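Asks: Have a look at the structure that comes next, please.
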Amino acid sequence: MPSLLIAGHEFQSRLFTGTGKYASANAMMDSITASESELVTLSLRRMDLKHQTDNILQPLQKKGIKLLPNTSGARTAKEAIFAAELAREALETNWVKLEIHPDPRYLMPDGMETLLAAEALIKKGFVVMPYVHADPVLCKRLEEIGCQCVMPLGSPIGSNMGLASRPFLEIIIEQSRVPVIVDAGIGAPSDAALAMEIGADAVLVNTAMAAANQPSKMANAFRLAVEAGRMAYESGLGERRIQAQATSPLTDFIGALS
Amino acid sequence: MIDVASHKIRLLEQSPAVEGQFSHFVESTDWHAMTQSHQEKTEQDVLRALSKSKLNVEDFAALISPAAEPYLLEMAAKSEQLTLQRFGKTLSLFAPLYLSNTCANECTYCGFSMSNAIKRLTLNESQVEKEIAAIKDKGFDHILLVTGETNKVSMPYFERMLPLIKSHFSQLSMEVQPLNSEEYKRLQTIGLDGVLVYQETYRRKTYLEHHLRGNKSNFNYRLDAPDRIGQAGIHKIGLGVLLGLEDWRTDSVMMAHHLRHLQKRYWRSRFSVAFPRIRPCEGGIVPKSIITDRQLVQLIAAWRLFDWDVEMSLSTRESPEFRHHAVRMGFTTMSAESKTQPGGYADDAQAALEQFEISDERPVAEIIAMIRSQGREVVWKNWDPALSHV
């Protein structure tokens with residue numbers, strides 16, 4: 001299976017994941033290990049940078065997993081830029097998952113602020129992975145200003161509602177020149193497989209694994225689903241046809257028309 | 001206890017209801033009709049509420065009504081599931097820091113009331129430093145400042161203390177007298193992340209019977225405080241009722257209306273609700289309406305079904321046994337080993353000053369062990385000052 005390339009970094013796994021919502025650091029590590037994910041996002045708001053006693057960071061770094069700090073909690077471009085710079089300094093990575101959601105309830109991304117922040121951060125040398133609505137025009141704009149991938153949502157974060165935005169995701173995938181990572185709302189391995197089948201380059205899944213009764217087993221299920229979906233996409237899925245083929249008398253008739 | 005002269009003064013101090021703010025809604029709402037409405041909910045109403053994913057206040061009223069009592073197990077399971085999905089297998093811990101117990105208010109249920117003969121103390125900088133050290137030592141990173149209400153403990157005092165305290169904690173909230181919008185804005189620039197203003201009861205008549213003297217007796221000014229906090233753009237806004245002062249169901253329905261009112265207007269803020277039960281305190285009162293443990297569980301689950309995103313805090317007023325089970329019911333935060341008297345963390349010998357008796361006095365380590373035994377991880381830090389960098 002061809003690997004995925006983002007900003008010159010090669011990923012064998014097309015399943016990205018997160019660190020939140022687990023019952024313990026051990027449960028988190030087991031799950032991430034089972035997922036075989038190579039990129040894991042973590043929130044600045046949960047990092048204890050003052051005390052360096054963080055029981056999340058060390059085991060991940062030891063495993064060689066790439067850390068992707070996110071700006072979750074930021075409500076404006078200004079807050080997100082500040083948070084990103086702090087995270088860059090603390091984690092020594094210039095990668096950032098840009099999340100700006102002024103609405104703390106549904107965590108709906110603010111497209112306007114995201115575009116502004118992305119532009120500023122790229123100028124400061126960041127690799128910006130923007131979390132956005134499944135908005136094809138916004139995704140093109142982000143690509144134009146230098147984002148190395150886009151992360152449109154499938155449905156509201158944590159909702160497990162799957163690919164509610166599918167028609168728009170399909171347009172984004174069709175138009176995009178940078179990798180498309182379907183981010184929020186993937187609730188079941190079948191959702192992840194579907195995202196891969198329609199041509200997404202990767203998916204990011206967290207809640208569905210962390211909140212499962214057996215997180216590492218669920219992580220393994222997602223790993224398999226992402227691989228299966230990607231294989232199906234690469235091998236060329238058959239078109240789904242709603243109508244049957246026209247019957248032969250009709251074909252004969254149409255064929256005989258002058 | 002109420003003399004006519006002070007009664008008159010009190011009435012003069014009442015603020016008018018404000019168009020567009022919650023006081024206006026309360027003024028135009030009939031308490032008896034609202035009480036009757038939840039009493040008349042049927043099994044059909046309950047089943048409809050249970051089948052919906054977006055619940056309105058009427059659905060909430062059905063879920064806390066007597067008609068929903070047979071569905072308690074189903075409600076509790078759904079509440080646990082929704083909380084798990086939204087907040088994960090975690091529970092945040094915070095510590096209250098009582099800065100002062102001096103108070104010019106007279107509230108029937110509170111140990112800090114002016115007429116209670118207790119030793120009064122307002123912490124100075126060096127006493128606050130000692131408290132901070134003791135609290136940090138236990139591991140806390142989210143802090144809730146609590147005070148009584150006097151002229152001395154007001155904006156100049158807060159402006160001195162906030163920067164000092166905030167430099168040690170990732171998140172700082174306050175539970176003090178209601179302020180005006182400009183004051184909230186000012187405090188936000190020096191570290192304020194959240195404000196809790198508990199209405200205690202939404203029934204004006206009952207409110208005035210329990211808040212006999214002082215600024216707190218101004219019903220509408222308190223009622224509109226969350227609107228002013230929202231207008232100031234504060235990140236977190238906390239509502240609360242003191243269960244027992246009035247019909248607990250009607251007060252809860254009013255708080256549900258209050259939450260929806262605020263959510264529509266101040267959509268950038270997060271919200272929390274609390275519903276402590278009346279606990280024994282110095283010179284305390286007997287509750288008018290008793291809510292049983294079973295009904296409290298029903299209320300917790302109903303809140304979670306009504307709003308999957310609202311934060312709910314579990315009080316140390318509840319017993320260890322109740323807290324043990326409540327961890328999985330829908331709560332998102334709790335305090336542990338709380339001291340409700342100023343200076344209580346650094347100096348244990350001052351129990352005589354406390355606001356109310358806490359029921360769960362177990363040390364933090366035991367609380368952590370209890371939370372973990374319920375399959376939940378303790379979260380100390382869930383905010384970063386960088387995110388409030390104005």
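So you can find residues: chains in the structure tokens are A, B, ... in the order shown, residues in each start at 1, and ligands are numbered from 1 in order.
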Do me a favour and pick out the residues of chain A within 10 Å of chain B, using only C-alpha atoms, as a ChimeraX atom specification.

Replies: /A:20-25,43-49,71-76,78-87,101-107,157-160,207-208,210-212

Asks: Can you list, as a VMD selection string, every protein, DNA or RNA residue that comes within 8 Å of Leu68 of chain A when you count only C-alpha atoms, leaving out same-chain residues fewer than 2 positions away?

Replies: chain A and resid 39 to 42 66 70 93 95 to 97

Asks: If we count only C-alpha atoms, what is near segment 51-59 of chain B at a cut-off of 12 Å, once residues fewer than 3 positions away on the same chain are taken out, given as JSON, numbers by chain?

Replies: {"A": [159], "B": [34, 35, 37, 38, 39, 40, 41, 42, 43, 44, 45, 46, 47, 48, 62, 63, 64, 65, 67, 68, 74, 75, 78, 82, 250, 252, 253, 254, 255, 256, 257, 258, 259, 260, 261, 302, 303, 304, 305, 306, 307, 308, 309]}

Asks: Could you jot down the atom CA of Pro276 of chain B to atom CA of Phe94 of chain B separation for me, Å, one decimal place?

Replies: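 Pair atom CA of Pro276 of chain B / atom CA of Phe94 of chain B returns 16.3 Å.
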
Asks: Nearest to Lys124 of chain A among A:Asp191, A:Thr19, A:Arg88, A:Ala202, with distances taken over only C-alpha atoms: which residue is it?

Replies: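 Of A:Asp191, A:Thr19, A:Arg88, A:Ala202, the one nearest Lys124 of chain A is A:Arg88, counting only C-alpha atoms.
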
Asks: For Leu115 of chain A, work out the shell of residues within 12 Å, counting only C-alpha atoms and skipping chain neighbours fewer than 6 positions away, then give it as an MDAnalysis selection string.

Replies: chainID A and resid 76:78 80:81 98:100 109 121:122 128:133 137:147 150

Asks: Please, could you write that set of residues out with N, CA, C and O atoms as a JSON list (two decimals), in the first residue's frame?

Replies:
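After the write, selection_39.json holds the following:
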[["chain", "number", "residue", "atom", "x", "y", "z"],
["A", 76, "THR", "N", -10.35, 32.27, 18.92],
["A", 76, "THR", "CA", -10.00, 33.24, 17.88],
["A", 76, "THR", "C", -8.66, 32.86, 17.27],
["A", 76, "THR", "O", -7.90, 32.06, 17.83],
["A", 77, "ALA", "N", -8.36, 33.49, 16.11],
["A", 77, "ALA", "CA", -7.08, 33.27, 15.45],
["A", 77, "ALA", "C", -5.93, 33.64, 16.39],
["A", 77, "ALA", "O", -4.94, 32.92, 16.51],
["A", 78, "LYS", "N", -6.12, 34.74, 17.10],
["A", 78, "LYS", "CA", -5.08, 35.24, 18.00],
["A", 78, "LYS", "C", -4.75, 34.22, 19.10],
["A", 78, "LYS", "O", -3.58, 33.92, 19.38],
["A", 80, "ALA", "N", -5.35, 31.02, 19.00],
["A", 80, "ALA", "CA", -4.80, 29.81, 18.40],
["A", 80, "ALA", "C", -3.32, 29.98, 18.06],
["A", 80, "ALA", "O", -2.51, 29.07, 18.26],
["A", 81, "ILE", "N", -2.96, 31.15, 17.56],
["A", 81, "ILE", "CA", -1.56, 31.41, 17.20],
["A", 81, "ILE", "C", -0.69, 31.36, 18.45],
["A", 81, "ILE", "O", 0.38, 30.74, 18.47],
["A", 98, "LEU", "N", -4.77, 22.85, 13.72],
["A", 98, "LEU", "CA", -5.39, 24.14, 14.00],
["A", 98, "LEU", "C", -6.89, 23.94, 14.23],
["A", 98, "LEU", "O", -7.63, 23.58, 13.31],
["A", 99, "GLU", "N", -7.31, 24.14, 15.45],
["A", 99, "GLU", "CA", -8.74, 24.03, 15.78],
["A", 99, "GLU", "C", -9.17, 25.35, 16.40],
["A", 99, "GLU", "O", -8.62, 25.75, 17.42],
["A", 100, "ILE", "N", -10.11, 26.01, 15.78],
["A", 100, "ILE", "CA", -10.65, 27.23, 16.38],
["A", 100, "ILE", "C", -12.16, 27.08, 16.45],
["A", 100, "ILE", "O", -12.84, 27.06, 15.42],
["A", 109, "PRO", "N", -16.06, 24.53, 13.88],
["A", 109, "PRO", "CA", -14.89, 25.33, 13.53],
["A", 109, "PRO", "C", -15.27, 26.66, 12.88],
["A", 109, "PRO", "O", -16.21, 26.72, 12.10],
["A", 121, "LEU", "N", 0.34, 31.39, 10.70],
["A", 121, "LEU", "CA", 1.19, 30.30, 11.21],
["A", 121, "LEU", "C", 2.12, 29.77, 10.12],
["A", 121, "LEU", "O", 3.27, 29.42, 10.39],
["A", 122, "ILE", "N", 1.62, 29.71, 8.91],
["A", 122, "ILE", "CA", 2.48, 29.23, 7.81],
["A", 122, "ILE", "C", 3.65, 30.20, 7.62],
["A", 122, "ILE", "O", 4.79, 29.77, 7.43],
["A", 128, "VAL", "N", 0.66, 23.37, 9.03],
["A", 128, "VAL", "CA", -0.67, 23.58, 9.58],
["A", 128, "VAL", "C", -1.65, 22.54, 9.05],
["A", 128, "VAL", "O", -1.79, 22.37, 7.84],
["A", 129, "MET", "N", -2.31, 21.84, 9.97],
["A", 129, "MET", "CA", -3.36, 20.88, 9.61],
["A", 129, "MET", "C", -4.67, 21.45, 10.13],
["A", 129, "MET", "O", -4.98, 21.31, 11.31],
["A", 130, "PRO", "N", -5.44, 22.10, 9.26],
["A", 130, "PRO", "CA", -6.62, 22.81, 9.74],
["A", 130, "PRO", "C", -7.88, 21.93, 9.84],
["A", 130, "PRO", "O", -8.22, 21.21, 8.90],
["A", 131, "TYR", "N", -8.52, 22.02, 11.00],
["A", 131, "TYR", "CA", -9.80, 21.32, 11.21],
["A", 131, "TYR", "C", -10.91, 22.27, 10.76],
["A", 131, "TYR", "O", -11.04, 23.37, 11.30],
["A", 132, "VAL", "N", -11.67, 21.85, 9.75],
["A", 132, "VAL", "CA", -12.68, 22.74, 9.16],
["A", 132, "VAL", "C", -13.98, 22.00, 8.87],
["A", 132, "VAL", "O", -14.05, 20.77, 8.92],
["A", 133, "HIS", "N", -14.99, 22.79, 8.55],
["A", 133, "HIS", "CA", -16.22, 22.21, 8.03],
["A", 133, "HIS", "C", -15.93, 21.54, 6.70],
["A", 133, "HIS", "O", -14.93, 21.85, 6.05],
["A", 137, "VAL", "N", -14.90, 25.16, -0.77],
["A", 137, "VAL", "CA", -14.23, 26.42, -1.11],
["A", 137, "VAL", "C", -13.18, 26.76, -0.05],
["A", 137, "VAL", "O", -12.04, 27.12, -0.37],
["A", 138, "LEU", "N", -13.54, 26.63, 1.20],
["A", 138, "LEU", "CA", -12.59, 26.91, 2.28],
["A", 138, "LEU", "C", -11.37, 26.00, 2.16],
["A", 138, "LEU", "O", -10.22, 26.42, 2.36],
["A", 139, "CYS", "N", -11.60, 24.75, 1.82],
["A", 139, "CYS", "CA", -10.47, 23.81, 1.70],
["A", 139, "CYS", "C", -9.53, 24.25, 0.58],
["A", 139, "CYS", "O", -8.31, 24.16, 0.72],
["A", 140, "LYS", "N", -10.09, 24.73, -0.53],
["A", 140, "LYS", "CA", -9.23, 25.22, -1.61],
["A", 140, "LYS", "C", -8.46, 26.47, -1.17],
["A", 140, "LYS", "O", -7.28, 26.63, -1.47],
["A", 141, "ARG", "N", -9.13, 27.35, -0.46],
["A", 141, "ARG", "CA", -8.45, 28.56, 0.02],
["A", 141, "ARG", "C", -7.28, 28.20, 0.95],
["A", 141, "ARG", "O", -6.22, 28.79, 0.89],
["A", 142, "LEU", "N", -7.51, 27.23, 1.82],
["A", 142, "LEU", "CA", -6.46, 26.81, 2.76],
["A", 142, "LEU", "C", -5.28, 26.19, 2.00],
["A", 142, "LEU", "O", -4.12, 26.40, 2.35],
["A", 143, "GLU", "N", -5.62, 25.42, 0.99],
["A", 143, "GLU", "CA", -4.58, 24.82, 0.15],
["A", 143, "GLU", "C", -3.76, 25.92, -0.53],
["A", 143, "GLU", "O", -2.52, 25.88, -0.55],
["A", 144, "GLU", "N", -4.44, 26.94, -1.03],
["A", 144, "GLU", "CA", -3.76, 28.03, -1.74],
["A", 144, "GLU", "C", -2.78, 28.80, -0.86],
["A", 144, "GLU", "O", -1.74, 29.25, -1.32],
["A", 145, "ILE", "N", -3.12, 28.96, 0.41],
["A", 145, "ILE", "CA", -2.21, 29.73, 1.28],
["A", 145, "ILE", "C", -1.11, 28.85, 1.88],
["A", 145, "ILE", "O", -0.27, 29.34, 2.62],
["A", 146, "GLY", "N", -1.12, 27.57, 1.53],
["A", 146, "GLY", "CA", 0.02, 26.74, 1.91],
["A", 146, "GLY", "C", -0.22, 25.67, 2.96],
["A", 146, "GLY", "O", 0.74, 25.11, 3.50],
["A", 147, "CYS", "N", -1.48, 25.37, 3.26],
["A", 147, "CYS", "CA", -1.72, 24.24, 4.17],
["A", 147, "CYS", "C", -1.32, 22.94, 3.46],
["A", 147, "CYS", "O", -1.60, 22.77, 2.27],
["A", 150, "VAL", "N", -5.82, 19.14, 4.53],
["A", 150, "VAL", "CA", -7.02, 19.72, 5.14],
["A", 150, "VAL", "C", -7.73, 18.63, 5.94],
["A", 150, "VAL", "O", -7.61, 17.45, 5.62]]

Asks: Which parts of segment 213-264 of chain B does DSSP call helix (DSSP H, G or I) when run on the backbone here, written out as a PyMOL selection string?

Replies: chain B and resi 215-217+219-223+225-231+248-264

Asks: Taking N, CA and C atoms for each residue, export the selection above as a short mmCIF file (atom, residue, chain, number, x, y, z; two decimals), in the first residue's frame.

Replies:
data_model
loop_
_atom_site.label_atom_id
_atom_site.label_comp_id
_atom_site.auth_asym_id
_atom_site.auth_seq_id
_atom_site.Cartn_x
_atom_site.Cartn_y
_atom_site.Cartn_z
N ASN B 215 -26.99 43.08 50.06
CA ASN B 215 -27.16 43.19 48.60
C ASN B 215 -27.74 41.94 47.98
N LYS B 216 -27.51 40.80 48.62
CA LYS B 216 -27.99 39.57 48.02
C LYS B 216 -29.51 39.52 47.95
N SER B 217 -30.17 40.35 48.76
CA SER B 217 -31.64 40.31 48.73
C SER B 217 -32.22 40.96 47.46
N PHE B 219 -33.21 40.49 44.21
CA PHE B 219 -33.52 39.29 43.42
C PHE B 219 -33.11 39.43 41.95
N ASN B 220 -33.60 40.49 41.30
CA ASN B 220 -33.34 40.61 39.86
C ASN B 220 -31.87 40.87 39.53
N TYR B 221 -31.18 41.56 40.43
CA TYR B 221 -29.77 41.86 40.14
C TYR B 221 -28.96 40.56 40.11
N ARG B 222 -29.32 39.66 41.02
CA ARG B 222 -28.65 38.36 41.03
C ARG B 222 -29.08 37.53 39.82
N LEU B 223 -30.38 37.57 39.54
CA LEU B 223 -30.94 36.77 38.45
C LEU B 223 -30.30 37.13 37.10
N ALA B 225 -27.28 38.32 36.69
CA ALA B 225 -25.81 38.25 36.72
C ALA B 225 -25.27 37.35 35.59
N PRO B 226 -25.84 36.16 35.37
CA PRO B 226 -25.31 35.33 34.27
C PRO B 226 -25.41 36.02 32.90
N ASP B 227 -26.45 36.82 32.68
CA ASP B 227 -26.51 37.60 31.44
C ASP B 227 -25.32 38.56 31.36
N ARG B 228 -25.03 39.22 32.48
CA ARG B 228 -23.92 40.19 32.47
C ARG B 228 -22.57 39.47 32.28
N ILE B 229 -22.45 38.29 32.86
CA ILE B 229 -21.22 37.51 32.71
C ILE B 229 -21.05 37.10 31.24
N GLY B 230 -22.16 36.70 30.62
CA GLY B 230 -22.13 36.34 29.20
C GLY B 230 -21.77 37.53 28.34
N GLN B 231 -22.35 38.68 28.66
CA GLN B 231 -22.05 39.89 27.88
C GLN B 231 -20.58 40.27 27.99
N TRP B 248 -38.37 21.49 44.47
CA TRP B 248 -37.11 21.28 43.74
C TRP B 248 -37.34 21.09 42.25
N ARG B 249 -38.49 20.57 41.89
CA ARG B 249 -38.75 20.35 40.46
C ARG B 249 -38.95 21.68 39.73
N THR B 250 -39.75 22.56 40.33
CA THR B 250 -40.02 23.83 39.66
C THR B 250 -38.74 24.66 39.55
N ASP B 251 -37.95 24.67 40.61
CA ASP B 251 -36.68 25.39 40.54
C ASP B 251 -35.77 24.80 39.45
N SER B 252 -35.79 23.49 39.31
CA SER B 252 -34.95 22.86 38.30
C SER B 252 -35.43 23.20 36.89
N VAL B 253 -36.76 23.21 36.70
CA VAL B 253 -37.31 23.59 35.39
C VAL B 253 -36.93 25.04 35.06
N MET B 254 -36.99 25.90 36.07
CA MET B 254 -36.60 27.29 35.84
C MET B 254 -35.12 27.38 35.45
N MET B 255 -34.30 26.59 36.10
CA MET B 255 -32.87 26.63 35.78
C MET B 255 -32.63 26.10 34.36
N ALA B 256 -33.43 25.13 33.94
CA ALA B 256 -33.32 24.62 32.57
C ALA B 256 -33.68 25.73 31.57
N HIS B 257 -34.73 26.49 31.87
CA HIS B 257 -35.07 27.64 31.02
C HIS B 257 -33.92 28.65 31.01
N HIS B 258 -33.33 28.86 32.18
CA HIS B 258 -32.23 29.82 32.31
C HIS B 258 -31.06 29.38 31.43
N LEU B 259 -30.73 28.10 31.48
CA LEU B 259 -29.62 27.58 30.68
C LEU B 259 -29.87 27.81 29.19
N ARG B 260 -31.06 27.47 28.72
CA ARG B 260 -31.37 27.65 27.30
C ARG B 260 -31.34 29.13 26.90
N HIS B 261 -31.87 29.98 27.77
CA HIS B 261 -31.84 31.43 27.54
C HIS B 261 -30.40 31.88 27.32
N LEU B 262 -29.51 31.45 28.18
CA LEU B 262 -28.11 31.89 28.11
C LEU B 262 -27.39 31.29 26.91
N GLN B 263 -27.65 30.01 26.65
CA GLN B 263 -26.96 29.33 25.55
C GLN B 263 -27.25 30.01 24.20
N LYS B 264 -28.49 30.48 24.05
CA LYS B 264 -28.84 31.12 22.78
C LYS B 264 -28.15 32.47 22.63
#

Asks: Please list as a VMD selection string every residue within 9 Å of segment 146-153 of chain B, counting only C-alpha atoms and excluding residues in the same chain fewer than 3 positions away.

Replies: chain B and resid 96 to 105 112 to 113 122 156 to 158 173 to 177 214 to 216 340 342

Asks: Quick one, how far is atom CA of Val127 of chain A from atom CA of Gly8 of chain A?

Replies: 10.4 Å

Asks: I'd like to know which residues of segment 75-286 of chain B are strand (DSSP E) (by DSSP, run on the backbone); could you write them as a PyMOL selection string?

Replies: chain B and resi 90-98+106-107+142-146+171-175+194-200+211-213+236-241+270-274

Asks: Within 10 Å of segment 27-30 of chain B, counting only C-alpha atoms, which residues show up once you throw out same-chain ones fewer than 2 positions away? Write them as a list in words, please.

Replies: Pro16, Ala17, Val18, Phe22, Ser23, His24, Phe25, His32, Ala33, Met34, Thr35, Arg203, Arg204, Asn220 and Met254 of chain B
